[in-house]
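What follows is my_file.cif (mmCIF, C-alpha atoms).
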data_entry
loop_
_atom_site.label_atom_id
_atom_site.label_comp_id
_atom_site.auth_asym_id
_atom_site.auth_seq_id
_atom_site.Cartn_x
_atom_site.Cartn_y
_atom_site.Cartn_z
CA MET A 1 10.46 0.69 -27.85
CA ILE A 2 10.96 3.17 -25.01
CA ASP A 3 13.14 3.07 -21.90
CA LEU A 4 11.73 3.38 -18.38
CA GLU A 5 12.90 6.95 -17.81
CA LYS A 6 11.04 8.25 -20.86
CA ALA A 7 8.04 6.05 -20.11
CA LEU A 8 7.68 7.49 -16.60
CA LYS A 9 7.80 11.01 -18.01
CA LEU A 10 4.97 10.09 -20.38
CA ARG A 11 3.09 8.67 -17.39
CA GLN A 12 3.34 12.04 -15.64
CA ARG A 13 1.66 13.56 -18.69
CA GLY A 14 -1.22 11.10 -18.56
CA ALA A 15 -0.06 8.22 -20.74
CA LEU A 16 -2.00 5.00 -20.28
CA PHE A 17 0.13 2.09 -19.07
CA VAL A 18 -1.12 -1.33 -20.22
CA ASP A 19 0.05 -4.50 -18.49
CA VAL A 20 -0.57 -7.41 -20.87
CA ARG A 21 0.52 -10.13 -18.44
CA SER A 22 -1.90 -12.68 -17.03
CA PRO A 23 -4.36 -11.66 -14.28
CA ALA A 24 -2.33 -13.61 -11.70
CA GLU A 25 0.87 -11.75 -12.59
CA PHE A 26 -0.95 -8.43 -12.53
CA ALA A 27 -2.52 -9.20 -9.14
CA GLU A 28 0.91 -9.90 -7.66
CA ALA A 29 2.37 -6.54 -8.72
CA THR A 30 2.28 -4.02 -11.52
CA ILE A 31 3.32 -0.44 -12.25
CA PRO A 32 0.92 1.71 -10.20
CA GLY A 33 -1.91 3.07 -12.33
CA ALA A 34 -1.56 0.46 -15.08
CA ILE A 35 -4.59 -1.41 -16.39
CA ASN A 36 -4.56 -5.13 -17.09
CA VAL A 37 -5.39 -6.25 -20.63
CA PRO A 38 -4.05 -9.82 -20.62
CA ILE A 39 -3.09 -11.64 -23.78
CA PHE A 40 -3.41 -14.97 -21.95
CA ASP A 41 -5.51 -15.87 -18.96
CA ASN A 42 -3.85 -17.79 -16.14
CA GLU A 43 -4.59 -21.22 -17.61
CA GLU A 44 -3.48 -20.23 -21.12
CA ARG A 45 -0.23 -18.84 -19.81
CA ALA A 46 0.43 -22.11 -17.96
CA GLU A 47 -0.33 -24.06 -21.14
CA ILE A 48 2.09 -21.98 -23.23
CA GLY A 49 4.80 -22.29 -20.58
CA THR A 50 4.42 -26.06 -20.44
CA LEU A 51 4.51 -26.34 -24.22
CA TYR A 52 7.65 -24.20 -24.36
CA LYS A 53 9.44 -26.50 -21.90
CA GLN A 54 8.28 -29.74 -23.49
CA THR A 55 8.47 -29.09 -27.25
CA GLY A 56 10.25 -25.76 -27.68
CA ARG A 57 9.74 -22.12 -28.63
CA LYS A 58 8.32 -22.68 -32.12
CA ASP A 59 5.36 -24.78 -30.98
CA ALA A 60 4.72 -22.48 -28.02
CA ARG A 61 4.61 -19.40 -30.24
CA ARG A 62 2.27 -21.05 -32.74
CA ARG A 63 -0.08 -22.08 -29.96
CA GLY A 64 0.11 -18.55 -28.59
CA ILE A 65 -0.96 -17.13 -31.93
CA GLU A 66 -3.90 -19.54 -32.05
CA ILE A 67 -5.04 -18.38 -28.62
CA VAL A 68 -4.50 -14.65 -29.14
CA SER A 69 -5.80 -14.16 -32.69
CA PRO A 70 -9.53 -14.23 -31.85
CA LYS A 71 -8.96 -11.84 -28.94
CA ILE A 72 -7.23 -9.06 -30.88
CA PRO A 73 -10.33 -6.96 -31.72
CA GLN A 74 -11.51 -7.11 -28.09
CA ILE A 75 -8.04 -6.21 -26.77
CA MET A 76 -7.81 -3.23 -29.13
CA GLN A 77 -11.26 -2.03 -28.12
CA GLN A 78 -10.49 -2.32 -24.41
CA ILE A 79 -7.34 -0.21 -24.75
CA GLU A 80 -9.04 2.29 -27.06
CA THR A 81 -11.84 2.75 -24.54
CA ALA A 82 -9.43 3.25 -21.63
CA ARG A 83 -7.06 5.73 -23.28
CA ASP A 84 -7.43 9.49 -23.53
CA PRO A 85 -7.05 10.36 -27.23
CA ASN A 86 -5.35 13.63 -26.23
CA ALA A 87 -2.81 11.91 -23.97
CA PRO A 88 0.70 10.74 -24.99
CA PRO A 89 1.13 7.31 -26.62
CA VAL A 90 0.11 4.17 -24.75
CA VAL A 91 2.94 2.34 -22.96
CA VAL A 92 2.64 -1.46 -23.15
CA PHE A 93 4.62 -3.84 -20.97
CA CYS A 94 4.91 -7.49 -19.95
CA TRP A 95 7.47 -9.10 -17.63
CA ARG A 96 10.70 -8.66 -19.60
CA GLY A 97 9.60 -6.54 -22.53
CA GLY A 98 9.27 -9.59 -24.76
CA GLN A 99 6.82 -11.09 -27.22
CA ARG A 100 3.59 -10.34 -25.38
CA SER A 101 4.08 -6.59 -25.17
CA LEU A 102 5.69 -6.50 -28.64
CA ALA A 103 2.63 -8.15 -30.17
CA ILE A 104 0.13 -5.73 -28.63
CA THR A 105 2.29 -2.68 -29.39
CA THR A 106 2.46 -3.79 -33.03
CA PHE A 107 -1.29 -4.32 -33.30
CA LEU A 108 -1.98 -0.94 -31.67
CA SER A 109 0.30 0.78 -34.15
CA LEU A 110 -1.38 -1.03 -37.06
CA ALA A 111 -4.74 0.14 -35.71
CA GLY A 112 -3.56 3.76 -35.68
CA ILE A 113 -3.20 3.97 -31.88
CA PRO A 114 0.17 5.49 -30.88
CA ALA A 115 1.98 3.05 -28.61
CA HIS A 116 5.41 2.24 -27.16
CA GLN A 117 6.74 -1.05 -25.84
CA LEU A 118 8.50 -0.65 -22.48
CA ALA A 119 12.06 -1.95 -22.80
CA GLY A 120 12.76 -4.45 -20.02
CA GLY A 121 9.11 -4.63 -18.99
CA HIS A 122 7.94 -4.78 -15.39
CA LYS A 123 11.27 -6.33 -14.41
CA VAL A 124 13.15 -3.08 -15.09
CA PHE A 125 10.57 -1.10 -13.09
CA ARG A 126 10.94 -3.50 -10.17
CA ARG A 127 14.71 -3.00 -10.32
CA ARG A 128 14.15 0.76 -10.14
CA VAL A 129 12.06 0.39 -6.98
CA ILE A 130 14.59 -1.93 -5.30
CA ASP A 131 17.48 0.44 -6.06
CA TYR A 132 15.46 3.41 -4.83
CA PHE A 133 14.81 1.90 -1.40
CA GLU A 134 18.40 0.70 -1.08
CA GLN A 135 20.07 4.00 -2.03
CA THR A 136 17.79 6.96 -1.31
CA ASP A 137 18.38 9.51 1.43
CA PHE A 138 14.81 10.26 2.49
CA GLY A 139 15.72 13.46 4.32
CA ARG A 140 13.55 14.67 7.17
CA VAL A 141 10.76 12.26 8.04
CA LEU A 142 8.46 13.63 10.75
CA VAL A 143 6.54 10.88 12.55
CA VAL A 144 3.19 11.19 14.32
CA ARG A 145 3.06 8.79 17.27
CA GLY A 146 0.69 8.10 20.12
CA LEU A 147 -1.35 5.41 21.86
CA THR A 148 -3.93 3.41 19.94
CA GLY A 149 -7.07 5.37 19.14
CA VAL A 150 -5.76 8.94 19.41
CA GLY A 151 -6.68 9.41 15.73
CA LYS A 152 -3.26 9.62 14.12
CA THR A 153 -4.61 8.38 10.79
CA LEU A 154 -7.53 10.84 10.90
CA LEU A 155 -5.16 13.72 11.53
CA LEU A 156 -2.85 12.70 8.72
CA LYS A 157 -5.71 12.24 6.25
CA ARG A 158 -6.80 15.80 6.97
CA LEU A 159 -3.28 17.04 6.33
CA GLU A 160 -2.95 14.95 3.16
CA ALA A 161 -6.18 16.52 1.86
CA ALA A 162 -4.55 19.89 2.52
CA ALA A 163 -1.56 18.90 0.30
CA TYR A 164 0.87 18.08 3.11
CA PRO A 165 3.52 15.46 2.09
CA VAL A 166 1.84 12.60 3.98
CA ILE A 167 2.98 9.00 3.50
CA ASP A 168 0.01 6.89 4.58
CA LEU A 169 1.75 3.58 5.23
CA GLU A 170 -1.36 1.91 6.62
CA GLY A 171 -3.43 3.02 3.64
CA LEU A 172 -0.81 1.74 1.21
CA ALA A 173 -0.65 -1.56 3.12
CA ASN A 174 -4.44 -1.81 3.57
CA HIS A 175 -4.00 -2.60 7.24
CA ARG A 176 -4.42 -0.64 10.48
CA GLY A 177 -1.16 -1.95 11.88
CA SER A 178 -2.46 -3.80 14.95
CA ALA A 179 -3.56 -7.27 16.00
CA PHE A 180 -7.05 -6.49 14.70
CA GLY A 181 -5.84 -4.17 11.95
CA GLY A 182 -6.91 -6.21 8.94
CA LEU A 183 -10.52 -6.84 9.98
CA GLY A 184 -13.06 -5.58 7.46
CA LEU A 185 -10.45 -4.29 5.00
CA GLY A 186 -9.99 -7.20 2.59
CA ASP A 187 -6.66 -8.56 1.39
CA GLN A 188 -3.38 -6.71 1.67
CA PRO A 189 -1.32 -6.17 -1.48
CA GLY A 190 1.79 -8.29 -1.94
CA GLN A 191 5.15 -6.97 -0.73
CA VAL A 192 6.28 -6.04 -4.24
CA MET A 193 3.09 -4.07 -4.90
CA PHE A 194 3.26 -2.37 -1.51
CA GLU A 195 6.78 -1.16 -2.30
CA ALA A 196 5.64 0.05 -5.72
CA ARG A 197 2.79 2.04 -4.15
CA LEU A 198 5.14 3.50 -1.55
CA TRP A 199 7.65 4.41 -4.26
CA GLU A 200 4.91 6.20 -6.21
CA ARG A 201 3.74 8.23 -3.23
CA LEU A 202 7.32 9.23 -2.40
CA GLN A 203 7.76 10.47 -5.97
CA GLN A 204 4.66 12.60 -5.57
CA CYS A 205 6.10 14.17 -2.40
CA GLN A 206 9.47 15.08 -3.90
CA GLY A 207 10.41 18.71 -3.35
CA ALA A 208 8.39 19.17 -0.16
CA GLY A 209 11.54 19.32 1.98
CA TYR A 210 10.22 16.79 4.48
CA LEU A 211 7.85 13.83 4.80
CA LEU A 212 5.10 13.19 7.31
CA THR A 213 3.98 9.71 8.37
CA GLU A 214 2.57 7.68 11.24
CA GLY A 215 4.74 5.69 13.61
CA GLU A 216 4.80 2.03 12.64
CA SER A 217 6.79 -1.05 13.51
CA ARG A 218 8.74 -2.73 10.73
CA HIS A 219 5.69 -4.89 9.99
CA ILE A 220 2.24 -3.69 8.94
CA GLY A 221 0.21 -6.87 8.91
CA ARG A 222 2.24 -9.27 6.79
CA LEU A 223 4.07 -6.49 4.92
CA VAL A 224 7.47 -5.03 5.76
CA VAL A 225 8.40 -1.35 5.60
CA PRO A 226 11.64 -1.00 3.57
CA PRO A 227 14.51 -0.92 6.12
CA ARG A 228 16.13 2.31 4.95
CA PHE A 229 12.83 4.20 5.05
CA HIS A 230 11.97 2.77 8.47
CA LEU A 231 15.38 3.87 9.76
CA ALA A 232 14.70 7.40 8.49
CA MET A 233 11.49 7.35 10.55
CA GLN A 234 13.54 7.07 13.75
CA GLN A 235 15.73 10.16 13.29
CA GLU A 236 13.49 13.16 14.00
CA VAL A 237 11.78 14.53 17.11
CA SER A 238 8.41 12.76 17.30
CA LEU A 239 5.01 14.43 17.20
CA TRP A 240 3.27 12.74 20.14
CA VAL A 241 -0.53 12.83 20.12
CA ASP A 242 -2.43 12.34 23.36
CA ALA A 243 -6.19 12.08 24.00
CA SER A 244 -8.60 10.91 26.67
CA LEU A 245 -9.61 7.27 26.87
CA ASP A 246 -13.22 8.17 26.02
CA TYR A 247 -12.10 9.98 22.87
CA ARG A 248 -9.87 7.07 21.85
CA VAL A 249 -12.67 4.53 22.28
CA ARG A 250 -14.95 6.63 20.03
CA VAL A 251 -12.26 6.84 17.35
CA ILE A 252 -11.70 3.08 17.36
CA LEU A 253 -15.41 2.27 17.17
CA GLU A 254 -15.83 4.66 14.22
CA ASP A 255 -12.89 3.01 12.46
CA TYR A 256 -14.58 -0.41 12.51
CA PRO A 257 -17.97 -0.01 10.79
CA ALA A 258 -20.49 -2.85 10.89
CA LEU A 259 -18.87 -4.38 13.96
CA ASP A 260 -21.64 -6.91 14.45
CA ASP A 261 -20.72 -8.43 11.09
CA LEU A 262 -17.12 -8.87 12.26
CA THR A 263 -17.90 -10.73 15.50
CA ALA A 264 -16.58 -14.09 14.28
CA ALA A 265 -13.48 -12.47 12.78
CA PHE A 266 -12.55 -10.90 16.14
CA GLU A 267 -12.40 -14.22 17.96
CA PRO A 268 -9.08 -15.67 16.59
CA PRO A 269 -6.97 -12.54 17.30
CA LEU A 270 -8.55 -12.28 20.74
CA ARG A 271 -7.60 -15.89 21.54
CA ALA A 272 -4.07 -15.15 20.33
CA LEU A 273 -3.69 -12.70 23.26
CA LYS A 274 -3.85 -15.52 25.81
CA GLU A 275 -0.09 -15.69 26.30
CA ARG A 276 0.16 -11.97 27.06
CA LEU A 277 -3.07 -11.43 29.02
CA GLY A 278 -3.72 -14.84 30.53
CA LYS A 279 -6.53 -17.33 30.02
CA GLN A 280 -9.11 -15.73 32.31
CA ALA A 281 -8.66 -12.23 30.86
CA VAL A 282 -9.12 -13.56 27.34
CA GLU A 283 -12.22 -15.49 28.39
CA ASP A 284 -13.64 -12.26 29.82
CA LEU A 285 -12.93 -10.47 26.54
CA LEU A 286 -14.56 -13.28 24.57
CA GLY A 287 -17.60 -12.94 26.81
CA LEU A 288 -17.87 -9.24 25.96
CA LEU A 289 -17.48 -10.14 22.30
CA ALA A 290 -20.28 -12.71 22.47
CA GLN A 291 -22.55 -10.10 24.03
CA LYS A 292 -21.42 -7.54 21.41
CA LYS A 293 -20.51 -5.06 24.12
CA TRP A 294 -18.19 -3.24 21.73
CA GLU A 295 -17.51 -0.13 23.80
CA GLU A 296 -16.58 -2.10 26.93
CA LEU A 297 -14.52 -4.57 24.90
CA THR A 298 -12.62 -1.73 23.23
CA ARG A 299 -11.97 -0.02 26.55
CA ARG A 300 -10.66 -3.24 28.10
CA LEU A 301 -8.37 -3.91 25.15
CA MET A 302 -6.98 -0.37 25.42
CA VAL A 303 -6.26 -0.55 29.14
CA ASP A 304 -5.14 -4.18 29.42
CA TYR A 305 -3.39 -4.77 26.11
CA TYR A 306 -2.63 -1.80 23.86
CA ASP A 307 -1.52 0.80 26.40
CA PRO A 308 0.97 -1.47 28.24
CA LEU A 309 2.24 -2.71 24.87
CA TYR A 310 2.83 0.72 23.34
CA LEU A 311 3.63 3.02 26.26
CA HIS A 312 7.30 2.10 25.94
CA THR A 313 7.26 3.62 22.43
CA CYS A 314 6.69 7.08 23.90
CA PRO A 315 9.97 8.76 22.85
CA PRO A 316 11.80 11.15 25.20
CA ALA A 317 12.38 13.63 22.35
CA ARG A 318 8.91 14.73 21.31
CA VAL A 319 6.53 17.59 20.72
CA GLU A 320 3.20 16.86 22.42
CA ILE A 321 -0.24 17.53 20.94
CA ARG A 322 -3.36 17.10 23.06
CA VAL A 323 -6.42 16.25 20.97
CA GLU A 324 -9.92 16.97 22.23
CA THR A 325 -11.59 17.55 18.87
CA LEU A 326 -10.36 16.55 15.43
CA ASP A 327 -10.48 20.09 14.01
CA ALA A 328 -8.48 21.56 16.87
CA GLY A 329 -6.08 18.63 16.75
CA VAL A 330 -5.36 19.27 13.07
CA GLU A 331 -4.48 22.90 13.78
CA ASP A 332 -2.28 21.98 16.75
CA LEU A 333 -0.50 19.36 14.65
CA LYS A 334 0.18 21.93 11.92
CA GLN A 335 1.78 24.22 14.49
CA ALA A 336 3.84 21.34 15.89
CA ILE A 337 5.13 20.51 12.43
CA LEU A 338 6.23 24.12 11.91
CA SER A 339 7.95 24.07 15.28
CA VAL A 340 9.93 20.90 14.52
CA LEU A 341 10.91 22.07 11.05
CA ALA A 342 12.04 25.45 12.39
CA SER A 343 14.17 23.79 15.06
CA LYS A 344 16.71 22.65 12.44
CA ALA A 345 16.19 25.36 9.83
#

Can you dump the structure from the file as structure tokens?
Amino acid sequence: MIDLEKALKLRQRGALFVDVRSPAEFAEATIPGAINVPIFDNEERAEIGTLYKQTGRKDARRRGIEIVSPKIPQIMQQIETARDPNAPPVVVFCWRGGQRSLAITTFLSLAGIPAHQLAGGHKVFRRRVIDYFEQTDFGRVLVVRGLTGVGKTLLLKRLEAAAYPVIDLEGLANHRGSAFGGLGLGDQPGQVMFEARLWERLQQCQGAGYLLTEGESRHIGRLVVPPRFHLAMQQEVSLWVDASLDYRVRVILEDYPALDDLTAAFEPPLRALKERLGKQAVEDLLGLLAQKKWEELTRRLMVDYYDPLYLHTCPPARVEIRVETLDAGVEDLKQAILSVLASKA
């Protein structure tokens, strides 16, 4: 058995983390980077849980052995295939660090595969993440802001590729952070998994002296940015990106590939704008949608909806960056970051 602190150090050295909980548990949240090798599938887990409640632990354990025994060779092979033989021992966990992870750790050891059982399981990791977001001083968080379509995400991705300490909240949340932000992206992670991903990225950026992220409201789709981190995002001078309307429309259209395939998906969020824009304006937008006039529809949404909605977020304390090309914008943003950091050095 190994505690979380030592397990995370092994993880930094390339140890394979194996989550042996059911696929449904794994899908809800896990330790980032872990693979799922379930002892029980979702139905089997439900069966064992029911048996435990109705007849007790002994019968539940015996039924568990009956289910697991034929799977052991396949489970061992799956873990053996996934692990690097030159990496540290495998770390196995379940929810509380109980019988499921103990069983697989024991079988791995018997098979000659070095392995540790994580004491406390995923529950102790979740506690670590909760405490982190409740107690951490995040230091200087520089925030890139601007109207919709100026390419904030594109700029930050360029900087992240250049090893800047970028926290891509929208990427972690799998959502673009607007009324149409989830279209074409698939499901968002759950709140617990989002926080785990954010925790991991913040660990990776430790020692940089500052963090760099995009301006967001508290909510990104159905997910919530941890309050203490969101508060830290409001403290620094903002990096305000500006661009022409034509440039912004191009950026938006490039961010939504295969638009024709998303026509039906655009209709519900468009109809939801009726209260803000009025019935006739929404009908006009729906007409553009039906005709697949994407450029005109995007331009109308910018002028009539997004700009009035977000202009009030333009902070008085800001460093302005005018973007005409992405390459030049990246260089100007780098200079702006240096300017802000130097202002409080």

Could you write out as an MDAnalysis selection string the residues that the PyMOL selection byres ((chain A and resi 14) around 9) matches in the shown file? chainID A and resid 10:13 15:16 84 87:88

Might you pull out every residue within 10 Å of A:Leu245, with all atoms listed in the file counted and same-chain residues fewer than 3 positions away left off, and present them as a PyMOL selection string? chain A and resi 147-150+242+248-251+299+302-303

Please indicate the distance in Å from atom CA of A:Glu236 to atom CA of A:Leu341, rounded to one decimal place.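 About the pair atom CA of A:Glu236 and atom CA of A:Leu341: they are 9.7 Å apart.
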
Given the file shown, determine the residues that the PyMOL selection byres ((chain A and resi 94-98) around 12) selects; report them as a JSON list (two decimals) with C-alpha atoms, in the frame of the given file.
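The new file part_9.json reads:
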[["chain", "number", "residue", "atom", "x", "y", "z"],
["A", 1, "MET", "CA", 10.46, 0.69, -27.85],
["A", 2, "ILE", "CA", 10.96, 3.17, -25.01],
["A", 3, "ASP", "CA", 13.14, 3.07, -21.90],
["A", 4, "LEU", "CA", 11.73, 3.38, -18.38],
["A", 17, "PHE", "CA", 0.13, 2.09, -19.07],
["A", 18, "VAL", "CA", -1.12, -1.33, -20.22],
["A", 19, "ASP", "CA", 0.05, -4.50, -18.49],
["A", 20, "VAL", "CA", -0.57, -7.41, -20.87],
["A", 21, "ARG", "CA", 0.52, -10.13, -18.44],
["A", 22, "SER", "CA", -1.90, -12.68, -17.03],
["A", 23, "PRO", "CA", -4.36, -11.66, -14.28],
["A", 25, "GLU", "CA", 0.87, -11.75, -12.59],
["A", 26, "PHE", "CA", -0.95, -8.43, -12.53],
["A", 28, "GLU", "CA", 0.91, -9.90, -7.66],
["A", 29, "ALA", "CA", 2.37, -6.54, -8.72],
["A", 30, "THR", "CA", 2.28, -4.02, -11.52],
["A", 31, "ILE", "CA", 3.32, -0.44, -12.25],
["A", 34, "ALA", "CA", -1.56, 0.46, -15.08],
["A", 35, "ILE", "CA", -4.59, -1.41, -16.39],
["A", 36, "ASN", "CA", -4.56, -5.13, -17.09],
["A", 37, "VAL", "CA", -5.39, -6.25, -20.63],
["A", 38, "PRO", "CA", -4.05, -9.82, -20.62],
["A", 39, "ILE", "CA", -3.09, -11.64, -23.78],
["A", 40, "PHE", "CA", -3.41, -14.97, -21.95],
["A", 91, "VAL", "CA", 2.94, 2.34, -22.96],
["A", 92, "VAL", "CA", 2.64, -1.46, -23.15],
["A", 93, "PHE", "CA", 4.62, -3.84, -20.97],
["A", 99, "GLN", "CA", 6.82, -11.09, -27.22],
["A", 100, "ARG", "CA", 3.59, -10.34, -25.38],
["A", 101, "SER", "CA", 4.08, -6.59, -25.17],
["A", 102, "LEU", "CA", 5.69, -6.50, -28.64],
["A", 103, "ALA", "CA", 2.63, -8.15, -30.17],
["A", 104, "ILE", "CA", 0.13, -5.73, -28.63],
["A", 105, "THR", "CA", 2.29, -2.68, -29.39],
["A", 116, "HIS", "CA", 5.41, 2.24, -27.16],
["A", 117, "GLN", "CA", 6.74, -1.05, -25.84],
["A", 118, "LEU", "CA", 8.50, -0.65, -22.48],
["A", 119, "ALA", "CA", 12.06, -1.95, -22.80],
["A", 120, "GLY", "CA", 12.76, -4.45, -20.02],
["A", 121, "GLY", "CA", 9.11, -4.63, -18.99],
["A", 122, "HIS", "CA", 7.94, -4.78, -15.39],
["A", 123, "LYS", "CA", 11.27, -6.33, -14.41],
["A", 124, "VAL", "CA", 13.15, -3.08, -15.09],
["A", 125, "PHE", "CA", 10.57, -1.10, -13.09],
["A", 126, "ARG", "CA", 10.94, -3.50, -10.17],
["A", 127, "ARG", "CA", 14.71, -3.00, -10.32]]

Can you work out the spacing between atom CA of A:Pro268 and atom CA of A:Val225 in Å, to one decimal?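 About the pair atom CA of A:Pro268 and atom CA of A:Val225: they are 25.1 Å apart.
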